[in-house]
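Here's target05.tsv, which has TSV, C-alpha atoms and all ligand atoms:
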chain	number	residue	atom	x	y	z
A	1	MET	CA	132.43	36.37	82.11
A	2	THR	CA	133.78	38.23	85.14
A	3	ASP	CA	131.62	40.22	87.61
A	4	MET	CA	133.24	43.38	86.27
A	5	SER	CA	132.21	42.71	82.70
A	6	LEU	CA	128.67	41.78	83.81
A	7	SER	CA	128.17	45.02	85.65
A	8	ARG	CA	129.73	47.00	82.79
A	9	ARG	CA	127.34	45.33	80.36
A	10	ALA	CA	124.39	46.10	82.66
A	11	VAL	CA	125.39	49.75	82.78
A	12	MET	CA	125.71	49.86	79.00
A	13	LEU	CA	122.34	48.23	78.46
A	14	GLY	CA	120.68	50.16	81.28
A	15	VAL	CA	117.42	48.82	82.70
A	16	ALA	CA	116.90	46.75	79.52
A	17	ALA	CA	119.52	44.32	80.88
A	18	LEU	CA	117.56	43.73	84.11
A	19	PRO	CA	115.14	40.85	84.60
A	20	ILE	CA	111.52	41.89	83.84
A	21	ALA	CA	110.39	42.16	87.50
A	22	GLN	CA	113.41	44.28	88.46
A	23	ARG	CA	112.92	46.44	85.36
A	24	ALA	CA	109.32	47.14	86.31
A	25	ALA	CA	110.39	48.11	89.84
A	26	ALA	CA	113.13	50.40	88.52
A	27	GLN	CA	110.74	52.10	86.12
A	28	ALA	CA	108.04	52.44	88.80
A	29	ARG	CA	110.37	54.05	91.34
A	30	PRO	CA	108.60	57.27	92.33
A	31	LYS	CA	110.24	60.63	91.95
A	32	PRO	CA	110.38	62.38	95.34
A	33	VAL	CA	108.45	65.62	95.31
A	34	VAL	CA	106.88	68.09	97.73
A	35	VAL	CA	103.98	70.30	96.66
A	36	SER	CA	102.29	73.07	98.62
A	37	SER	CA	100.14	76.15	98.21
A	38	ALA	CA	102.17	79.24	97.30
A	39	ASN	CA	101.51	81.47	100.37
A	40	ALA	CA	102.88	84.96	100.93
A	41	PHE	CA	106.52	85.82	101.70
A	42	ASN	CA	107.72	82.69	99.85
A	43	GLY	CA	105.98	80.57	102.48
A	44	GLY	CA	105.26	77.68	100.10
A	45	ILE	CA	108.75	77.70	98.60
A	46	ASN	CA	110.38	77.64	102.04
A	47	CYS	CA	107.95	74.97	103.25
A	48	CYS	CA	108.64	72.65	100.30
A	49	ALA	CA	112.42	73.17	100.52
A	50	LYS	CA	112.44	72.24	104.22
A	51	ALA	CA	110.24	69.17	103.70
A	52	MET	CA	112.42	67.96	100.80
A	53	GLU	CA	115.60	68.48	102.84
A	54	LEU	CA	114.20	66.17	105.53
A	55	ILE	CA	112.89	63.63	103.00
A	56	LYS	CA	116.29	63.45	101.31
A	57	GLY	CA	117.89	63.00	104.73
A	58	GLY	CA	115.78	59.89	105.23
A	59	GLY	CA	113.20	61.52	107.53
A	60	ASP	CA	109.62	60.33	107.75
A	61	THR	CA	107.36	62.04	105.22
A	62	LEU	CA	104.90	63.25	107.87
A	63	ASP	CA	107.66	64.78	110.02
A	64	ALA	CA	108.95	66.41	106.83
A	65	VAL	CA	105.71	68.10	105.71
A	66	ILE	CA	104.90	69.17	109.29
A	67	ALA	CA	108.34	70.79	109.64
A	68	GLY	CA	107.67	72.53	106.31
A	69	VAL	CA	104.35	74.09	107.32
A	70	ASN	CA	105.72	74.98	110.78
A	71	ILE	CA	107.79	77.67	109.04
A	72	VAL	CA	104.60	79.30	107.81
A	73	GLU	CA	102.65	78.75	111.05
A	74	LEU	CA	105.39	80.56	112.98
A	75	ASP	CA	105.74	83.43	110.49
A	76	PRO	CA	103.66	86.36	111.80
A	77	ARG	CA	103.60	87.92	108.31
A	78	ASP	CA	101.36	85.18	106.90
A	79	THR	CA	97.98	86.25	108.23
A	80	SER	CA	96.19	83.10	107.04
A	81	VAL	CA	98.03	80.46	109.08
A	82	GLY	CA	99.15	79.98	112.70
A	83	TYR	CA	100.66	82.85	114.69
A	84	GLY	CA	99.37	86.19	113.42
A	85	GLY	CA	96.43	84.59	111.56
A	86	LEU	CA	93.37	86.82	111.26
A	87	PRO	CA	91.06	86.26	114.23
A	88	ASN	CA	87.38	85.36	114.63
A	89	GLU	CA	84.64	87.95	115.16
A	90	ASP	CA	85.58	88.20	118.86
A	91	GLY	CA	89.17	89.06	117.93
A	92	VAL	CA	90.50	85.64	118.99
A	93	VAL	CA	92.70	83.58	116.65
A	94	GLU	CA	91.30	80.05	116.19
A	95	LEU	CA	93.30	77.51	114.21
A	96	ASP	CA	92.41	74.32	112.30
A	97	ALA	CA	94.77	71.60	111.04
A	98	SER	CA	94.79	68.01	109.84
A	99	CYS	CA	97.43	65.52	108.75
A	100	MET	CA	97.65	62.04	107.24
A	101	HIS	CA	100.47	59.50	107.25
A	102	GLY	CA	100.36	57.22	104.22
A	103	PRO	CA	102.41	54.22	105.44
A	104	THR	CA	100.34	53.73	108.61
A	105	ARG	CA	97.10	55.03	107.03
A	106	ARG	CA	96.46	57.18	110.11
A	107	GLY	CA	95.05	60.68	110.40
A	108	GLY	CA	94.69	63.38	113.05
A	109	ALA	CA	93.07	66.80	113.25
A	110	VAL	CA	92.33	69.76	115.50
A	111	GLY	CA	89.61	72.37	115.08
A	112	ALA	CA	89.03	75.82	116.60
A	113	LEU	CA	92.24	75.50	118.62
A	114	ARG	CA	93.22	78.69	120.45
A	115	GLY	CA	96.56	79.78	121.84
A	116	ILE	CA	98.93	77.29	120.14
A	117	LYS	CA	101.14	78.57	117.32
A	118	THR	CA	101.64	75.22	115.55
A	119	PRO	CA	98.28	73.39	115.30
A	120	SER	CA	99.76	70.94	112.76
A	121	LYS	CA	101.95	69.53	115.53
A	122	ILE	CA	98.89	68.96	117.70
A	123	ALA	CA	97.11	67.24	114.80
A	124	GLN	CA	100.18	64.99	114.49
A	125	LEU	CA	99.97	64.18	118.21
A	126	VAL	CA	96.28	63.28	117.83
A	127	LEU	CA	97.35	60.93	115.02
A	128	ALA	CA	100.25	59.39	116.91
A	129	GLU	CA	99.11	59.35	120.53
A	130	THR	CA	95.35	58.79	120.51
A	131	GLU	CA	92.70	56.53	119.07
A	132	HIS	CA	90.74	59.60	117.99
A	133	MET	CA	90.84	61.45	114.70
A	134	MET	CA	89.90	64.97	115.80
A	135	LEU	CA	89.95	67.17	118.89
A	136	VAL	CA	88.35	70.62	118.99
A	137	GLY	CA	88.25	73.78	121.09
A	138	GLU	CA	88.94	73.58	124.80
A	139	GLY	CA	89.69	69.84	124.68
A	140	ALA	CA	92.26	70.32	121.94
A	141	LEU	CA	93.96	73.10	123.93
A	142	ARG	CA	94.08	70.98	127.10
A	143	PHE	CA	95.52	68.11	125.07
A	144	ALA	CA	98.23	70.39	123.62
A	145	LYS	CA	99.12	71.74	127.06
A	146	ALA	CA	99.35	68.19	128.42
A	147	TYR	CA	102.14	67.66	125.87
A	148	GLY	CA	103.98	70.78	127.05
A	149	PHE	CA	102.80	73.29	124.45
A	150	GLN	CA	102.61	76.84	125.71
A	151	GLU	CA	99.37	78.81	125.44
A	152	GLU	CA	100.09	82.22	123.89
A	153	ASP	CA	98.29	85.23	122.43
A	154	LEU	CA	98.36	84.52	118.69
A	155	ASN	CA	97.42	88.06	117.65
A	156	THR	CA	100.08	90.37	116.28
A	157	GLU	CA	99.97	94.14	115.83
A	158	ARG	CA	98.98	93.48	112.22
A	159	SER	CA	96.14	91.02	112.91
A	160	ARG	CA	94.78	93.25	115.71
A	161	LEU	CA	94.78	96.27	113.40
A	162	ALA	CA	92.88	94.32	110.74
A	163	TRP	CA	90.30	93.12	113.28
A	164	ARG	CA	89.77	96.64	114.64
A	165	THR	CA	89.37	97.97	111.09
A	166	TRP	CA	86.79	95.25	110.40
A	167	LYS	CA	84.90	96.18	113.58
A	168	ARG	CA	84.71	99.79	112.39
A	169	GLU	CA	83.17	98.61	109.10
A	170	MET	CA	80.37	96.63	110.77
A	171	ARG	CA	77.05	98.46	110.60
A	172	ASP	CA	73.36	97.86	111.02
A	173	LYS	CA	70.96	98.16	108.07
A	174	ASN	CA	70.79	101.94	108.57
A	175	GLY	CA	74.53	102.18	108.20
A	176	HIS	CA	75.15	102.81	111.89
A	177	THR	CA	78.08	101.45	113.81
A	178	ASN	CA	78.76	101.73	117.52
A	179	TRP	CA	82.43	102.17	116.79
A	180	GLU	CA	83.52	105.68	115.98
A	181	SER	CA	83.37	105.68	112.22
A	182	LEU	CA	82.66	107.78	109.19
A	183	THR	CA	84.11	105.21	106.89
A	184	ASP	CA	81.59	105.11	104.04
A	185	ALA	CA	83.80	107.33	101.93
A	186	PRO	CA	85.62	106.07	98.81
A	187	PRO	CA	89.03	104.46	99.44
A	188	LYS	CA	91.22	107.60	99.30
A	189	LYS	CA	89.22	109.36	101.96
A	190	LYS	CA	88.92	106.09	103.81
A	191	ILE	CA	92.69	105.93	104.27
A	192	ALA	CA	92.62	109.48	105.65
A	193	GLU	CA	90.01	108.42	108.20
A	194	LEU	CA	91.84	105.27	109.12
A	195	ARG	CA	94.99	107.34	109.54
A	196	LYS	CA	93.17	109.40	112.16
A	197	ALA	CA	91.87	106.26	113.85
A	198	PHE	CA	95.25	104.51	113.83
A	199	PRO	CA	97.92	107.23	114.06
A	200	GLY	CA	101.44	106.13	113.22
A	201	VAL	CA	100.36	103.18	111.08
A	202	GLU	CA	101.68	103.30	107.50
A	203	ASP	CA	99.24	103.78	104.60
A	204	ASP	CA	100.16	100.46	102.98
A	205	MET	CA	99.27	98.66	106.17
A	206	LEU	CA	96.00	100.60	106.50
A	207	GLY	CA	95.12	99.82	102.88
A	208	TRP	CA	95.74	96.12	103.51
A	209	ALA	CA	93.69	96.19	106.74
A	210	TYR	CA	90.79	97.83	104.91
A	211	GLN	CA	90.90	95.26	102.10
A	212	VAL	CA	90.84	92.27	104.46
A	213	ALA	CA	88.13	93.94	106.55
A	214	VAL	CA	85.74	94.23	103.61
A	215	HIS	CA	86.87	91.08	101.75
A	216	PRO	CA	87.51	88.52	104.51
A	217	PRO	CA	90.24	86.20	103.21
A	218	HIS	CA	90.70	82.48	103.86
A	219	GLY	CA	94.29	81.53	103.25
A	220	THR	CA	95.73	78.23	104.40
A	221	ILE	CA	98.75	76.07	103.63
A	222	ASN	CA	98.47	72.52	102.30
A	223	CYS	CA	101.61	70.42	101.78
A	224	ILE	CA	101.98	66.91	100.32
A	225	GLY	CA	105.28	64.97	100.29
A	226	LEU	CA	106.46	61.79	98.55
A	227	ASN	CA	109.78	60.01	99.11
A	228	GLU	CA	111.71	57.67	96.81
A	229	LYS	CA	110.24	54.63	98.58
A	230	GLY	CA	106.80	55.82	97.50
A	231	GLU	CA	105.75	56.78	101.04
A	232	MET	CA	103.51	59.81	101.25
A	233	SER	CA	102.11	62.16	103.90
A	234	ALA	CA	100.20	65.43	103.87
A	235	VAL	CA	99.10	68.29	106.11
A	236	THR	CA	96.78	71.29	105.94
A	237	THR	CA	96.84	74.13	108.48
A	238	THR	CA	95.01	77.46	108.67
A	239	SER	CA	93.54	80.25	110.74
A	240	GLY	CA	90.44	79.86	108.59
A	241	MET	CA	88.07	82.53	107.39
A	242	ALA	CA	88.76	85.95	108.90
A	243	TRP	CA	86.03	87.26	111.25
A	244	LYS	CA	84.32	83.85	111.41
A	245	ILE	CA	81.76	82.98	114.07
A	246	PRO	CA	83.71	81.57	117.03
A	247	GLY	CA	83.84	77.79	116.75
A	248	ARG	CA	83.53	77.74	112.95
A	249	CYS	CA	85.64	74.98	111.44
A	250	GLY	CA	86.35	75.14	107.73
A	251	ASP	CA	87.55	72.36	105.47
A	252	SER	CA	91.16	72.24	106.71
A	253	PRO	CA	90.59	70.03	109.77
A	254	ILE	CA	88.09	67.80	107.97
A	255	LEU	CA	89.75	64.66	106.64
A	256	GLY	CA	88.32	64.15	103.17
A	257	GLY	CA	87.65	67.89	102.78
A	258	GLY	CA	90.80	70.00	103.18
A	259	LEU	CA	93.05	66.93	103.08
A	260	TRP	CA	93.00	63.31	101.97
A	261	LEU	CA	95.68	60.77	101.22
A	262	ASP	CA	95.63	57.13	100.23
A	263	GLN	CA	99.03	55.48	100.16
A	264	ASP	CA	97.91	53.30	97.22
A	265	VAL	CA	96.86	56.28	95.08
A	266	GLY	CA	98.11	59.71	96.16
A	267	GLY	CA	97.21	62.76	98.19
A	268	ALA	CA	95.30	66.01	97.76
A	269	GLY	CA	94.54	69.17	99.68
A	270	SER	CA	92.82	72.49	99.32
A	271	THR	CA	93.04	76.18	100.14
A	272	GLY	CA	90.39	78.85	99.75
A	273	ARG	CA	86.75	78.96	100.72
A	274	GLY	CA	86.30	75.91	102.92
A	275	GLU	CA	82.52	75.78	102.82
A	276	GLU	CA	82.53	75.30	99.04
A	277	ASN	CA	85.16	72.60	99.32
A	278	LEU	CA	83.13	70.70	101.92
A	279	ARG	CA	80.15	70.70	99.57
A	280	VAL	CA	82.16	68.54	97.14
A	281	CYS	CA	84.28	66.64	99.72
A	282	GLY	CA	87.13	68.01	97.60
A	283	ALA	CA	90.37	66.31	98.64
A	284	HIS	CA	88.69	62.90	98.81
A	285	THR	CA	87.07	63.48	95.42
A	286	VAL	CA	90.45	64.35	93.86
A	287	VAL	CA	92.08	61.19	95.26
A	288	GLU	CA	89.17	58.97	94.21
A	289	ASN	CA	89.32	60.47	90.73
A	290	MET	CA	93.00	59.53	90.55
A	291	ARG	CA	92.16	56.02	91.79
A	292	HIS	CA	89.83	55.68	88.81
A	293	GLY	CA	92.59	56.60	86.39
A	294	MET	CA	92.50	60.38	86.07
A	295	SER	CA	95.76	62.33	86.11
A	296	PRO	CA	96.20	64.80	89.02
A	297	LYS	CA	95.19	67.63	86.67
A	298	GLU	CA	92.07	65.85	85.41
A	299	ALA	CA	91.15	64.87	88.97
A	300	ILE	CA	91.33	68.48	90.15
A	301	LEU	CA	89.51	69.81	87.09
A	302	ASP	CA	86.57	67.46	87.68
A	303	THR	CA	86.42	68.60	91.33
A	304	LEU	CA	86.48	72.28	90.35
A	305	LYS	CA	83.62	71.59	87.93
A	306	ARG	CA	81.60	70.17	90.83
A	307	VAL	CA	82.19	73.40	92.78
A	308	SER	CA	81.02	75.41	89.77
A	309	ARG	CA	77.98	73.15	89.30
A	310	ASN	CA	76.91	73.90	92.89
A	311	PHE	CA	76.53	77.51	91.74
A	312	ASP	CA	74.67	76.46	88.57
A	313	ASN	CA	77.83	77.64	86.78
A	314	ASP	CA	76.68	81.22	87.48
A	315	LEU	CA	79.83	83.28	86.91
A	316	ALA	CA	78.55	86.29	88.84
A	317	ARG	CA	78.06	84.22	92.00
A	318	LEU	CA	81.23	82.23	91.43
A	319	ALA	CA	83.18	85.49	91.20
A	320	GLU	CA	82.94	85.73	95.01
A	321	ILE	CA	84.58	82.32	95.47
A	322	ASP	CA	88.25	81.45	95.53
A	323	ILE	CA	89.33	77.83	95.85
A	324	SER	CA	92.41	75.81	94.84
A	325	PHE	CA	93.42	72.15	94.94
A	326	TYR	CA	96.82	70.45	94.96
A	327	ALA	CA	97.44	66.79	94.16
A	328	VAL	CA	100.38	64.38	94.08
A	329	ARG	CA	100.00	60.89	92.62
A	330	LYS	CA	102.05	58.07	94.15
A	331	ASP	CA	104.37	57.99	91.10
A	332	GLY	CA	105.29	61.66	91.63
A	333	GLU	CA	103.06	63.30	89.03
A	334	TYR	CA	101.49	66.43	90.51
A	335	ALA	CA	99.24	69.39	89.70
A	336	GLY	CA	97.81	72.56	91.21
A	337	GLY	CA	94.52	73.97	89.97
A	338	SER	CA	92.31	76.92	90.89
A	339	LEU	CA	88.73	77.83	90.19
A	340	TRP	CA	89.87	81.20	88.80
A	341	ASP	CA	93.08	82.08	86.99
A	342	ARG	CA	93.73	84.78	89.60
A	343	PRO	CA	92.18	85.51	93.00
A	344	ARG	CA	90.77	88.87	91.84
A	345	PRO	CA	90.93	90.97	88.66
A	346	GLY	CA	94.41	92.39	88.16
A	347	ALA	CA	96.03	90.15	90.79
A	348	PRO	CA	98.98	87.93	89.80
A	349	ALA	CA	98.08	84.51	88.31
A	350	ALA	CA	97.42	81.65	90.73
A	351	GLN	CA	100.49	79.58	91.53
A	352	PHE	CA	101.61	76.76	93.79
A	353	ALA	CA	105.01	75.69	95.16
A	354	VAL	CA	106.99	72.59	94.20
A	355	CYS	CA	110.33	71.15	95.31
A	356	THR	CA	111.87	68.25	93.41
A	357	ALA	CA	114.68	65.94	94.57
A	358	ASP	CA	117.32	68.31	93.17
A	359	GLY	CA	116.29	70.69	95.98
A	360	ARG	CA	114.96	73.28	93.53
A	361	SER	CA	111.95	74.86	95.26
A	362	ARG	CA	109.96	77.19	93.01
A	363	HIS	CA	106.54	78.43	91.99
A	364	GLU	CA	104.64	76.89	89.09
A	365	ASN	CA	101.48	78.26	87.50
A	366	SER	CA	98.23	76.61	88.50
A	367	PHE	CA	95.79	75.70	85.74
A	368	SER	CA	92.30	77.14	86.17
A	369	LEU	CA	88.71	76.36	85.30
A	370	LEU	CA	87.67	80.00	84.81
A	371	GLY	CA	89.29	83.28	83.84
A	372	ARG	CA	88.72	86.71	85.35
A	373	LYS	CA	88.41	89.65	83.00
B	1	LIG	N1	90.25	76.72	103.61
B	1	LIG	C1	90.31	77.36	104.83
B	1	LIG	C2	89.03	77.69	105.43
B	1	LIG	O1	88.05	77.94	104.74
B	1	LIG	O2	88.95	77.73	106.64

Could you write out this file's structure as structure tokens?
Ligand code: GLY
Amino acid sequence: MTDMSLSRRAVMLGVAALPIAQRAAAQARPKPVVVSSANAFNGGINCCAKAMELIKGGGDTLDAVIAGVNIVELDPRDTSVGYGGLPNEDGVVELDASCMHGPTRRGGAVGALRGIKTPSKIAQLVLAETEHMMLVGEGALRFAKAYGFQEEDLNTERSRLAWRTWKREMRDKNGHTNWESLTDAPPKKKIAELRKAFPGVEDDMLGWAYQVAVHPPHGTINCIGLNEKGEMSAVTTTSGMAWKIPGRCGDSPILGGGLWLDQDVGGAGSTGRGEENLRVCGAHTVVENMRHGMSPKEAILDTLKRVSRNFDNDLARLAEIDISFYAVRKDGEYAGGSLWDRPRPGAPAAQFAVCTADGRSRHENSFSLLGRK
């Protein structure tokens, strides 16, 4: 039998012609995938596409997911991450980020970092260049500057407008505010008042600023990547809860909370209300659930149930909470799940972003534990 006929026979018989050990390896080869939160302005789709491009080019999985989220950190339109993120109660943008590199089993994080547009890159430097896991506040900023990062004002016109609108809404128990304000009127009149306060700003923008002032959001981006060798990395980055007390760190910089990854099992991350995630050590719980045999969907569902249990499954109290998890198992199976089917009544259904090896980056629907009326 010639070499040619052997290889032709192998092709005809497919993996069945391979020795057992080789067959197992061929079948176990993971399918490269990148998963992230959806984020506004196609942030998740762009993030996953970039990360997959780098993974397919042979790049390291951590470099890939960091490059993906950098797009969103640098986009001033996403007011939940990086530059242009909504500030703390003093009007200062403070950023949190963490990352994990599966092959080396290392992690790094920064908390309450001011003045640096890409906190995920600083978290990566903590991982790569130090023996520490987390730097916060002034120390994190000095560390970033030592590596040549420029300190900048991270507020934009949009984030400043939202903060000033929030300040106008703050009142004492008698309804008084020191800021010029008569803003207790229903929304239509409210816009008229805000128009007077902020001349030249469009109504859509004022409506958005009012909504985020009275319902402080906590967006974030989480991204998890897997290459064909089975190597995985993940990152989470955020500006955290709008109007937070200065120094507040949410779940995003907490390894085990907003992010966890075990090269032997898979990775997970979270967006939404960080405090509720920390009460269930969410990302770590999802990964441990997968270690014990649950699928990514089952692992997330169990974690969401723990969040609900912490509220005695009281739907009225849970209605104020918004939290989502994302998980990728080391074989490439993935899922995205949210506590609620949509962030608020009437809003579009919860989604997450996925890019597969064919380069197709798209949204998929998240499953949910609960449904809003
Ligand atoms: N999950 C983002 C935060 O709560 O800060």

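CA of Gly44 (chain A) is positioned 13.3 Å from CA of Thr356 (chain A).
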
Using only C-alpha atoms, which protein or nucleic acid residues come within 8 Å of Glu275 (chain A)? Drop anything in the same chain fewer than 3 positions from it, and give the result as a PyMOL selection string. chain A and resi 250-251+278-279

Using all atoms listed in the file - which residues lie no farther than 12 Å from the point (112.8, 70.5, 104.4) in the file's frame? Write them as a VMD selection string. chain A and resid 33 to 35 44 to 71 223 225 354 to 357 359 to 361

Taking all atoms listed in the file into account, which residues have an atom no farther than 8 Å from ligand LIG 1 (chain B)? I'd like them as JSON, numbers by chain. {"A": [96, 218, 219, 220, 238, 239, 240, 241, 249, 250, 251, 252, 258, 270, 271, 272, 273, 274, 275, 277, 323]}

Return the padded bounding box of region 109-118 of chain A as lines of an AutoDock Vina configuration file: axis-aligned, built from all atoms listed in the file, 5 Å added on each side, with centre and edge lengths in Å to one decimal.
center_x = 95.3
center_y = 73.3
center_z = 117.5
size_x = 22.6
size_y = 23.0
size_z = 18.6

Set the distance at 9 Å and use all atoms listed in the file: which residues neighbour Gly337 (chain A) once local chain neighbours fewer than 6 positions away are removed? I'd like the list as a PyMOL selection string. chain A and resi 297+300-301+304+323-327+350-352+365-369

Which value, in Å to one decimal, gives the distance between CA of Pro76 (chain A) and CA of Met205 (chain A)? 14.2 Å

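Taking only C-alpha atoms into account, the protein, DNA and RNA residues within 6 Å of (92.0, 89.0, 117.6) read Pro87, Gly91, Val92, Val93, Asn155 and Arg160 of chain A.
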
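Compared by their closest atoms to Val235 (chain A), and using only C-alpha atoms, the residues A:Asn313, A:Asn174, A:Asn289, A:Asn222 rank with A:Asn222 nearest.
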
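Among the candidates A:Lys196, A:His284, A:Lys121, A:Lys305, the residue lying nearest to Ala268 (chain A) is A:His284 (atoms considered: only C-alpha atoms).
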
I want to know what sits within 10 Å of Ala140 (chain A), based on only C-alpha atoms, with residues of the same chain fewer than 6 positions away left out; could you give that as an mmCIF file with C-alpha atoms, keeping the file's coordinate frame?
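Just written: result_18.cif:
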data_model
loop_
_atom_site.group_PDB
_atom_site.id
_atom_site.type_symbol
_atom_site.label_atom_id
_atom_site.label_comp_id
_atom_site.auth_asym_id
_atom_site.auth_seq_id
_atom_site.Cartn_x
_atom_site.Cartn_y
_atom_site.Cartn_z
ATOM 1 C CA ALA A 109 93.070 66.800 113.250
ATOM 2 C CA VAL A 110 92.330 69.760 115.500
ATOM 3 C CA GLY A 111 89.610 72.370 115.080
ATOM 4 C CA ALA A 112 89.030 75.820 116.600
ATOM 5 C CA LEU A 113 92.240 75.500 118.620
ATOM 6 C CA ARG A 114 93.220 78.690 120.450
ATOM 7 C CA ILE A 116 98.930 77.290 120.140
ATOM 8 C CA PRO A 119 98.280 73.390 115.300
ATOM 9 C CA ILE A 122 98.890 68.960 117.700
ATOM 10 C CA ALA A 123 97.110 67.240 114.800
ATOM 11 C CA VAL A 126 96.280 63.280 117.830
ATOM 12 C CA MET A 134 89.900 64.970 115.800
ATOM 13 C CA ALA A 146 99.350 68.190 128.420
#

Applying 8 Å and only C-alpha atoms, which residues near Trp166 (chain A) remain after dropping the ones on its own chain fewer than 6 positions away? List them as number ranges by chain. A: 209-210, 212-214

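Distance-wise, CA of Trp163 (chain A) and CA of Pro345 (chain A) end up 24.7 Å apart.
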
Check the smallest atom-to-atom distance from each of A:Gln124, A:Ala299, A:His363, A:Gly115 to Thr237 (chain A) using only C-alpha atoms, then report the winner. A:Gln124

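The nearest approach to Glu138 (chain A) among the residues A:Gly247, A:Asp314, A:Glu152, A:Gly269, with all atoms listed in the file taken into account, belongs to A:Gly247.
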
Out of A:Glu73, A:Glu157, A:Glu320, A:Glu131, which residue has the shortest atom-to-atom distance to Leu95 (chain A) when counting only C-alpha atoms? A:Glu73

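Distances to Arg306 (chain A) were evaluated for A:Gly282, A:Gly200, A:Pro348, A:Gly267 using all atoms listed in the file, and the minimum falls at A:Gly282.
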